[in-house]
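S.K.: After the structure tokens below, expect a handful of questions from me.
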Amino acid sequence: MLPGVTTLGESLTRVLGPKTGKGLEAAFGLHTVGDLLRHYPRRYYTRGELTDLSSLREGDHVTVLARIVLISFHPMPHGGPHSRAEVIVTDDRARLVLTFFLRSPKAGFSLQRLRPGMIGMFAGTVSSFRHRLQLVHPEYEMLPGAPPNADLTPELAAEFATEMTPVYPASAKFPSWKVAKSVKTVLDTLDLGEDPLPAGLRERYKLAGRAEAIRAIHRPLDPADLKRAKDRLKWDEAFLLQAALAQRRLAAAAMPAMPRPHIDGGIADEFDARLPFTLTAGQVAVGQSLAVDLACAYPMHRLLQGEVGSGKTVIAIRAMLQVVDAGGQAALLAPTEVLAQQHYRSITDMLGPLAQRGQLGGAEHATGVALLTGSAGAAARRSALADVFTGDAGIVIGTHALLEDQVQFADLGLVVIDEQHRFGVEQRDALRAKAADSRPHVLVMTATPIPRTVAMTVYGDLETSTLTELPAGRSPIASFVVPAADKPWYLERAWERVREEVGRGQQAYVVCPRIGDGPESDGPDPDEPDDLGEEDFGGVDMTGGIPRGVVLGRRQPLAVLDVAATLAAGPLAGLRLGILHGRLHPEEKDQVMRAFSAGEIDVLVATTVIEVGVDVPNATVMVVMDAERFGVSQLHQLRGRVGRGTAAGLCLLVSEAPPASPSRERLEAVAATQDGFKLSRLDLEQRREGDVLGAAQAGRRSSLRLLQLLADEDLIGLAREEASAVVSADPQLAEHPALRDAIDELLGPQAEYLDKT
């Protein structure tokens, strides 16, 4: 490398000096030149455009462009050497006060650069004093060449600013123009080397060169220049990620796996013969795809997504039994004990004698089913571990306890991960590593429908199967928003509806965001995973759930223990109420669920611990308290707990959100449709695009900065096709060294994540 030349991988502390480099790291987590250059401007001031000062809100950290109108000095009350300076700025529509407390002669000297009529950028946190918005001790930078007292016209702006002015994401200690100065220093000495995108691709899509695009996004000459830059840099993000995923797919296909073909007349066929219902066409088609994958000598990596109640569990059981028939074992990993126990009960019930290996009355081809959870007693744990080790348990169901070193499989052939968004990369990898000499087949399942672009990015190395139809007999679910604040009588009617359903012999859920009974309850429910992933896409919160315990508005979120007591003494007095949350002892949780399933509890008041896997066909109504505190996909999951039998379901979303608020509109959208795929797109629209990569669950920065997973759906599809073609022809990218280096530089630690997926 030539002296004075800067590359993308260099440390910012070396290029900009320790003070600036460490400041950028502390403020934004930026470490390298590439990190800084991908810290793109948030917006741009165009010629003659000033900030709309009337749009400022108290508490916002802002950078504003405005003209100084007046500077005045005021002595502090009660005498003393201090004084206060007020600088009034305007955008010709509204005014803003800049307040400086002058405690020394130097402070006054720093204001000498400010003159009425000058135009500058001012950054700080908006506060209020005597009903006037102000910035106290703002950072500022005066724009060069702007003549004092000039009219703020486009013609004037063209005289003092030939380029659009970028405004970067900033912090209190590192304002936008300091970022801009750092970017300028880097750009002046930057050597990008060879362009990583193949020349033919750039020509086909008329893309700018990388060097031109990086310059233009930080120093755009005009809006057209900026658009060309964004178009190119979006391609970089999409193509490099898709190339990495294509490499991952090829590498997975090259790994050895034990084929687990279908065995005629085995336990899988006996299970099919026992089914009391007919599989849907979708279930049959997906089952055939899995059967073919399992018979291959390379590991299956398949994502199975489907609406709540679409029959994913039956498909998983059939796949597990195919592996058992072929001499292997299958492990089903569930995120909570409630769900693991539910799976254990439902699978053993569905298998009947086929799950009673070595027992009186067991079928000839029977296998064993073992349950391993953290709360299992010593004797039950020893027995389960022995059955897993010897292979007597062909199907092993458990929580994180399956990942412990003591759990050793005889021949792990298939890993099924239910509600996979609840698990981190390392957890999935730890279970897969328990296979002996080859990699097991992997099936991950989610009941949260995934937009196509997310499937192409987060799950780009998986084959995707989708169940779109519900089994026959599933009842419709009607959903309504209950505006408790402006129409309290609606809430009274909601409790009447619960009583009516119970009077007809049905059951109900009441869901609350919090457990209650002390300040410690403000944390997450321990039977729900830490927010590794209440979203669903690779560990990122796509449910839209708000961290529990956060105070929204004037009160804490409603709590299970408080609501249950109120209902028992008031609108639901006389009904049999049960309570379920993660702080109950595991045996007590199991007893509550068994009692509810048996119809011994009329109304179950619970946290979102019942969000997935709970199947009580007699439950027909759900009331979600503080519904605005849950996300779109989470609400869709929750209401899937009702309407699972022959009677129609009813979901009532109780909210105190104002009628025209975004929260109320979000709830109305949930109530208006049962189409999970529409709701998943709505959910994604409300999120930061950069949060989508699964590597974020390990605290890593996402590589997505400009790419919008919904708006750029077509671009992502094209990038996937182009990247697959390049990688198929050159798997190690030996003929594309610049592309290989760019993938390493862009993804960084995420390359390791992709290797583990």
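How things are named: the first chain in the structure tokens is A, the next is B, and so on; residues count from 1 in each chain; ligands count from 1 in the order shown.
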Residues near Ala27 (chain A), anyone? I mean within 12 Å using only C-alpha atoms, not counting same-chain ones fewer than 2 positions away, as a list in words.
M.R.: Thr20, Gly21, Lys22, Gly23, Leu24, Glu25, Gly29, Leu30, His31, Leu36, His39, Pro169, Ala170, Ser171, Ala172, Lys173, Phe174, Pro175, Ser176, Lys178 and Val179 of chain A
S.K.: Taking the backbone alone, and naming residues the way the document does, which bits of region 138-320 of chain A are helix (DSSP H, G or I) by DSSP, as a ChimeraX atom specification?
M.R.: /A:154-160,176-188,199-204,210-218,223-254,267-274,281-294,312-320
S.K.: Quote the spacing between CA of Leu682 (chain A) and CA of Ala447 (chain A) in Å to one decimal place.
M.R.: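 Between CA of Leu682 (chain A) and CA of Ala447 (chain A) the gap is 16.1 Å.
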S.K.: If we count only C-alpha atoms and set the cut-off at 9 Å, which residues sit around region 341-351 of chain A, ignoring sequence neighbours fewer than 4 positions away in its own chain? Please answer as a PyMOL selection string.
M.R.: chain A and resi 271+274-275+313-314+317+332+334+336-337+355-356+366+369-371+373+396-398+590+593+613-615
S.K.: What does the distance between CA of Leu635 (chain A) and CA of Leu402 (chain A) come to in Å, to one decimal place?
M.R.: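 Here the two named atoms are 29.1 Å from each other.
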S.K.: Report, in Å with one decimal, the straight-line distance from CA of Ala216 (chain A) to CA of Met164 (chain A).
M.R.: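 We find that CA of Ala216 (chain A) and CA of Met164 (chain A) lie 10.1 Å from each other.
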S.K.: Tell me which of A:Ala508, A:Val415, A:Ala211, A:Leu572 sits closest to Leu333 (chain A), counting only C-alpha atoms.
M.R.: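 Going through A:Ala508, A:Val415, A:Ala211, A:Leu572 one by one, the smallest distance to Leu333 (chain A) is for A:Val415.
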S.K.: So, with only C-alpha atoms as the atoms that count, which of A:Ala401, A:Leu339, A:Ser438, A:Pro586 lies closest to Val609 (chain A)?
M.R.: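 The shortest atom-to-atom distance to Val609 (chain A) comes from A:Leu339.
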S.K.: Please provide as a JSON list (two decimals) with all heavy atoms, in the first residue's frame all residues within 9 Å of region 377-393 of chain A, with the sequence filter that same-chain residues fewer than 2 positions apart are discarded (counting only C-alpha atoms).
M.R.:
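result.json was written with the following content:
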```json
[["chain", "number", "residue", "atom", "x", "y", "z"],
["A", 327, "GLY", "N", -33.25, -45.68, 11.21],
["A", 327, "GLY", "CA", -32.26, -46.00, 12.22],
["A", 327, "GLY", "C", -31.69, -44.82, 12.97],
["A", 327, "GLY", "O", -30.77, -44.98, 13.78],
["A", 328, "GLY", "N", -32.22, -43.65, 12.74],
["A", 328, "GLY", "CA", -31.69, -42.47, 13.40],
["A", 328, "GLY", "C", -32.61, -41.93, 14.48],
["A", 328, "GLY", "O", -33.64, -42.53, 14.81],
["A", 329, "GLN", "N", -32.20, -40.79, 15.06],
["A", 329, "GLN", "CA", -33.00, -40.11, 16.08],
["A", 329, "GLN", "C", -33.33, -38.70, 15.60],
["A", 329, "GLN", "O", -32.62, -38.12, 14.78],
["A", 329, "GLN", "CB", -32.23, -40.00, 17.40],
["A", 329, "GLN", "CG", -31.96, -41.33, 18.09],
["A", 329, "GLN", "CD", -30.99, -41.15, 19.24],
["A", 329, "GLN", "OE1", -29.79, -40.96, 19.03],
["A", 329, "GLN", "NE2", -31.49, -41.22, 20.48],
["A", 330, "ALA", "N", -34.41, -38.16, 16.15],
["A", 330, "ALA", "CA", -34.82, -36.79, 15.83],
["A", 330, "ALA", "C", -34.97, -36.01, 17.12],
["A", 330, "ALA", "O", -35.50, -36.52, 18.11],
["A", 330, "ALA", "CB", -36.13, -36.79, 15.05],
["A", 357, "ARG", "N", -42.40, -47.87, 23.08],
["A", 357, "ARG", "CA", -41.35, -48.87, 22.90],
["A", 357, "ARG", "C", -41.06, -49.58, 24.22],
["A", 357, "ARG", "O", -40.84, -48.94, 25.25],
["A", 357, "ARG", "CB", -40.08, -48.20, 22.39],
["A", 357, "ARG", "CG", -38.89, -49.15, 22.20],
["A", 357, "ARG", "CD", -37.63, -48.38, 21.89],
["A", 357, "ARG", "NE", -36.50, -49.25, 21.72],
["A", 357, "ARG", "CZ", -35.95, -49.59, 20.55],
["A", 357, "ARG", "NH1", -36.48, -49.12, 19.43],
["A", 357, "ARG", "NH2", -34.90, -50.38, 20.50],
["A", 358, "GLY", "N", -41.07, -50.89, 24.20],
["A", 358, "GLY", "CA", -40.76, -51.67, 25.39],
["A", 358, "GLY", "C", -41.85, -51.70, 26.42],
["A", 358, "GLY", "O", -41.66, -52.23, 27.52],
["A", 367, "THR", "N", -41.36, -46.66, 18.93],
["A", 367, "THR", "CA", -40.15, -45.98, 19.36],
["A", 367, "THR", "C", -40.42, -45.34, 20.71],
["A", 367, "THR", "O", -41.56, -45.35, 21.19],
["A", 367, "THR", "CB", -39.70, -44.92, 18.34],
["A", 367, "THR", "OG1", -38.43, -44.38, 18.73],
["A", 367, "THR", "CG2", -40.71, -43.77, 18.26],
["A", 368, "GLY", "N", -39.39, -44.80, 21.31],
["A", 368, "GLY", "CA", -39.57, -44.07, 22.56],
["A", 368, "GLY", "C", -39.58, -42.58, 22.32],
["A", 368, "GLY", "O", -38.97, -42.08, 21.36],
["A", 369, "VAL", "N", -40.29, -41.85, 23.18],
["A", 369, "VAL", "CA", -40.31, -40.39, 23.12],
["A", 369, "VAL", "C", -39.83, -39.88, 24.47],
["A", 369, "VAL", "O", -40.43, -40.20, 25.50],
["A", 369, "VAL", "CB", -41.72, -39.85, 22.80],
["A", 369, "VAL", "CG1", -41.69, -38.33, 22.74],
["A", 369, "VAL", "CG2", -42.23, -40.43, 21.48],
["A", 370, "ALA", "N", -38.76, -39.11, 24.46],
["A", 370, "ALA", "CA", -38.18, -38.59, 25.70],
["A", 370, "ALA", "C", -38.41, -37.09, 25.79],
["A", 370, "ALA", "O", -38.42, -36.39, 24.78],
["A", 370, "ALA", "CB", -36.69, -38.90, 25.77],
["A", 371, "LEU", "N", -38.58, -36.60, 27.03],
["A", 371, "LEU", "CA", -38.73, -35.17, 27.30],
["A", 371, "LEU", "C", -37.60, -34.72, 28.22],
["A", 371, "LEU", "O", -37.39, -35.29, 29.29],
["A", 371, "LEU", "CB", -40.09, -34.89, 27.97],
["A", 371, "LEU", "CG", -40.33, -33.44, 28.41],
["A", 371, "LEU", "CD1", -40.39, -32.51, 27.20],
["A", 371, "LEU", "CD2", -41.63, -33.34, 29.22],
["A", 372, "LEU", "N", -36.88, -33.69, 27.80],
["A", 372, "LEU", "CA", -35.78, -33.15, 28.59],
["A", 372, "LEU", "C", -35.98, -31.65, 28.76],
["A", 372, "LEU", "O", -35.93, -30.89, 27.79],
["A", 372, "LEU", "CB", -34.44, -33.40, 27.89],
["A", 372, "LEU", "CG", -33.67, -34.66, 28.29],
["A", 372, "LEU", "CD1", -32.48, -34.85, 27.37],
["A", 372, "LEU", "CD2", -33.22, -34.58, 29.74],
["A", 373, "THR", "N", -36.23, -31.22, 30.02],
["A", 373, "THR", "CA", -36.35, -29.80, 30.33],
["A", 373, "THR", "C", -35.50, -29.49, 31.55],
["A", 373, "THR", "O", -35.08, -30.39, 32.28],
["A", 373, "THR", "CB", -37.82, -29.41, 30.62],
["A", 373, "THR", "OG1", -38.26, -30.12, 31.78],
["A", 373, "THR", "CG2", -38.72, -29.75, 29.44],
["A", 374, "GLY", "N", -35.27, -28.23, 31.77],
["A", 374, "GLY", "CA", -34.43, -27.84, 32.89],
["A", 374, "GLY", "C", -35.00, -28.18, 34.24],
["A", 374, "GLY", "O", -34.27, -28.32, 35.22],
["A", 375, "SER", "N", -36.32, -28.33, 34.33],
["A", 375, "SER", "CA", -36.96, -28.57, 35.63],
["A", 375, "SER", "C", -37.21, -30.05, 35.91],
["A", 375, "SER", "O", -37.79, -30.39, 36.94],
["A", 375, "SER", "CB", -38.29, -27.83, 35.69],
["A", 375, "SER", "OG", -39.19, -28.36, 34.73],
["A", 395, "ILE", "N", -37.41, -40.17, 19.34],
["A", 395, "ILE", "CA", -37.80, -38.76, 19.29],
["A", 395, "ILE", "C", -37.48, -38.14, 20.65],
["A", 395, "ILE", "O", -37.91, -38.67, 21.68],
["A", 395, "ILE", "CB", -39.29, -38.60, 18.96],
["A", 395, "ILE", "CG1", -39.58, -39.14, 17.55],
["A", 395, "ILE", "CG2", -39.72, -37.15, 19.07],
["A", 395, "ILE", "CD1", -41.05, -39.11, 17.17],
["A", 396, "VAL", "N", -36.74, -37.07, 20.62],
["A", 396, "VAL", "CA", -36.35, -36.38, 21.85],
["A", 396, "VAL", "C", -36.87, -34.96, 21.78],
["A", 396, "VAL", "O", -36.57, -34.22, 20.83],
["A", 396, "VAL", "CB", -34.82, -36.38, 22.03],
["A", 396, "VAL", "CG1", -34.45, -35.76, 23.38],
["A", 396, "VAL", "CG2", -34.26, -37.78, 21.91],
["A", 406, "GLN", "N", -24.15, -33.09, 28.76],
["A", 406, "GLN", "CA", -24.51, -34.44, 29.21],
["A", 406, "GLN", "C", -25.45, -35.15, 28.23],
["A", 406, "GLN", "O", -25.60, -36.37, 28.28],
["A", 406, "GLN", "CB", -25.20, -34.39, 30.58],
["A", 406, "GLN", "CG", -24.35, -33.76, 31.67],
["A", 406, "GLN", "CD", -24.67, -32.28, 31.82],
["A", 406, "GLN", "OE1", -24.75, -31.56, 30.84],
["A", 406, "GLN", "NE2", -24.88, -31.86, 33.07],
["A", 407, "VAL", "N", -26.10, -34.38, 27.36],
["A", 407, "VAL", "CA", -27.05, -34.98, 26.41],
["A", 407, "VAL", "C", -26.27, -35.51, 25.22],
["A", 407, "VAL", "O", -25.73, -34.75, 24.42],
["A", 407, "VAL", "CB", -28.10, -33.95, 25.96],
["A", 407, "VAL", "CG1", -29.10, -34.60, 25.00],
["A", 407, "VAL", "CG2", -28.82, -33.35, 27.16],
["A", 408, "GLN", "N", -26.19, -36.83, 25.11],
["A", 408, "GLN", "CA", -25.46, -37.48, 24.03],
["A", 408, "GLN", "C", -26.40, -38.40, 23.25],
["A", 408, "GLN", "O", -27.05, -39.27, 23.84],
["A", 408, "GLN", "CB", -24.29, -38.30, 24.59],
["A", 408, "GLN", "CG", -23.25, -37.47, 25.34],
["A", 408, "GLN", "CD", -22.52, -36.50, 24.44],
["A", 408, "GLN", "OE1", -22.25, -36.82, 23.28],
["A", 408, "GLN", "NE2", -22.19, -35.33, 24.96],
["A", 409, "PHE", "N", -26.46, -38.21, 21.94],
["A", 409, "PHE", "CA", -27.36, -39.00, 21.10],
["A", 409, "PHE", "C", -26.64, -40.23, 20.57],
["A", 409, "PHE", "O", -25.42, -40.21, 20.35],
["A", 409, "PHE", "CB", -27.86, -38.16, 19.92],
["A", 409, "PHE", "CG", -28.82, -37.08, 20.31],
["A", 409, "PHE", "CD1", -28.37, -35.85, 20.78],
["A", 409, "PHE", "CD2", -30.19, -37.28, 20.20],
["A", 409, "PHE", "CE1", -29.25, -34.85, 21.14],
["A", 409, "PHE", "CE2", -31.08, -36.28, 20.55],
["A", 409, "PHE", "CZ", -30.61, -35.06, 21.02],
["A", 410, "ALA", "N", -27.40, -41.28, 20.32],
["A", 410, "ALA", "CA", -26.83, -42.47, 19.69],
["A", 410, "ALA", "C", -26.57, -42.20, 18.21],
["A", 410, "ALA", "O", -25.52, -42.55, 17.67],
["A", 410, "ALA", "CB", -27.78, -43.66, 19.85],
["A", 411, "ASP", "N", -27.54, -41.54, 17.54],
["A", 411, "ASP", "CA", -27.39, -41.26, 16.10],
["A", 411, "ASP", "C", -28.38, -40.16, 15.72],
["A", 411, "ASP", "O", -29.48, -40.44, 15.26],
["A", 411, "ASP", "CB", -27.64, -42.53, 15.29],
["A", 411, "ASP", "CG", -27.43, -42.32, 13.79],
["A", 411, "ASP", "OD1", -26.91, -41.25, 13.41],
["A", 411, "ASP", "OD2", -27.78, -43.21, 13.01]]
```
S.K.: For Leu143 (chain A), find every residue with an atom within 8 Å (counting only C-alpha atoms), except residues of its own chain fewer than 4 positions away, and show them as a PyMOL selection string.
M.R.: chain A and resi 118-121+160
S.K.: With distances taken over only C-alpha atoms, which residue among A:Ser597, A:Ser479, A:Ser724, A:Ser83 lies nearest Glu668 (chain A)?
M.R.: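 The answer is A:Ser479, which sits nearest to Glu668 (chain A).
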S.K.: Could you tell me which of A:Gln732, A:Gln112, A:Gln322, A:Gln506 comes closest to Val621 (chain A) if we count only C-alpha atoms?
M.R.: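 Looking at the shortest contact to Val621 (chain A), the residue is A:Gln506.
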S.K.: With a distance cut-off of 8 Å and only C-alpha atoms, select the neighbouring residues of Ser680 (chain A), excluding the residue or stretch itself and same-chain residues fewer than 2 positions from it, and output the selection as a ChimeraX atom specification.
M.R.: /A:448-451,632-633,676-678,682-684
S.K.: Would you save the residues of that selection, restricted to N, CA, C and O atoms, as a PDB file, in the first residue's frame?
M.R.:
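result15.pdb, written as the output of this step:
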```
ATOM      1  N   THR A 448     -44.905 -17.548  12.147  1.00  0.00           N
ATOM      2  CA  THR A 448     -44.989 -16.147  11.732  1.00  0.00           C
ATOM      3  C   THR A 448     -44.650 -16.063  10.258  1.00  0.00           C
ATOM      4  O   THR A 448     -43.503 -16.293   9.874  1.00  0.00           O
ATOM      5  N   PRO A 449     -45.614 -15.787   9.402  1.00  0.00           N
ATOM      6  CA  PRO A 449     -45.326 -15.722   7.971  1.00  0.00           C
ATOM      7  C   PRO A 449     -44.202 -14.731   7.678  1.00  0.00           C
ATOM      8  O   PRO A 449     -44.095 -13.681   8.309  1.00  0.00           O
ATOM      9  N   ILE A 450     -43.368 -15.080   6.725  1.00  0.00           N
ATOM     10  CA  ILE A 450     -42.168 -14.314   6.440  1.00  0.00           C
ATOM     11  C   ILE A 450     -42.266 -13.711   5.040  1.00  0.00           C
ATOM     12  O   ILE A 450     -42.488 -14.437   4.066  1.00  0.00           O
ATOM     13  N   PRO A 451     -42.105 -12.403   4.904  1.00  0.00           N
ATOM     14  CA  PRO A 451     -42.106 -11.813   3.565  1.00  0.00           C
ATOM     15  C   PRO A 451     -41.025 -12.439   2.683  1.00  0.00           C
ATOM     16  O   PRO A 451     -39.972 -12.863   3.162  1.00  0.00           O
ATOM     17  N   VAL A 632     -47.462  -6.664  15.835  1.00  0.00           N
ATOM     18  CA  VAL A 632     -48.420  -7.186  14.870  1.00  0.00           C
ATOM     19  C   VAL A 632     -48.367  -8.715  14.811  1.00  0.00           C
ATOM     20  O   VAL A 632     -49.378  -9.399  14.969  1.00  0.00           O
ATOM     21  N   SER A 633     -47.178  -9.257  14.587  1.00  0.00           N
ATOM     22  CA  SER A 633     -47.058 -10.706  14.457  1.00  0.00           C
ATOM     23  C   SER A 633     -47.368 -11.410  15.766  1.00  0.00           C
ATOM     24  O   SER A 633     -47.928 -12.515  15.780  1.00  0.00           O
ATOM     25  N   GLY A 676     -51.793 -13.704   7.606  1.00  0.00           N
ATOM     26  CA  GLY A 676     -50.525 -13.467   8.287  1.00  0.00           C
ATOM     27  C   GLY A 676     -49.462 -12.880   7.385  1.00  0.00           C
ATOM     28  O   GLY A 676     -48.575 -12.155   7.847  1.00  0.00           O
ATOM     29  N   PHE A 677     -49.528 -13.163   6.079  1.00  0.00           N
ATOM     30  CA  PHE A 677     -48.519 -12.624   5.175  1.00  0.00           C
ATOM     31  C   PHE A 677     -48.708 -11.125   4.979  1.00  0.00           C
ATOM     32  O   PHE A 677     -47.741 -10.370   4.897  1.00  0.00           O
ATOM     33  N   LYS A 678     -49.942 -10.659   4.926  1.00  0.00           N
ATOM     34  CA  LYS A 678     -50.183  -9.215   4.875  1.00  0.00           C
ATOM     35  C   LYS A 678     -49.686  -8.548   6.149  1.00  0.00           C
ATOM     36  O   LYS A 678     -49.068  -7.482   6.120  1.00  0.00           O
ATOM     37  N   LEU A 682     -46.788  -5.606   6.994  1.00  0.00           N
ATOM     38  CA  LEU A 682     -47.065  -4.442   7.824  1.00  0.00           C
ATOM     39  C   LEU A 682     -46.065  -4.357   8.970  1.00  0.00           C
ATOM     40  O   LEU A 682     -45.541  -3.280   9.294  1.00  0.00           O
ATOM     41  N   ASP A 683     -45.771  -5.499   9.563  1.00  0.00           N
ATOM     42  CA  ASP A 683     -44.825  -5.554  10.668  1.00  0.00           C
ATOM     43  C   ASP A 683     -43.452  -5.064  10.219  1.00  0.00           C
ATOM     44  O   ASP A 683     -42.791  -4.283  10.894  1.00  0.00           O
ATOM     45  N   LEU A 684     -43.028  -5.528   9.059  1.00  0.00           N
ATOM     46  CA  LEU A 684     -41.709  -5.170   8.561  1.00  0.00           C
ATOM     47  C   LEU A 684     -41.638  -3.695   8.198  1.00  0.00           C
ATOM     48  O   LEU A 684     -40.592  -3.051   8.361  1.00  0.00           O
TER      49      LEU A 684
END
```
S.K.: What's the 8 Å shell around Leu462 (chain A), counting only C-alpha atoms, without same-chain residues fewer than 6 positions away, as a VMD selection string?
M.R.: chain A and resid 249 301 to 303
S.K.: Find the residue from A:Val624, A:Leu240, A:Met142, A:Ala208 that sits nearest to Leu746 (chain A); use only C-alpha atoms when measuring.
M.R.: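 The shortest atom-to-atom distance to Leu746 (chain A) comes from A:Leu240.
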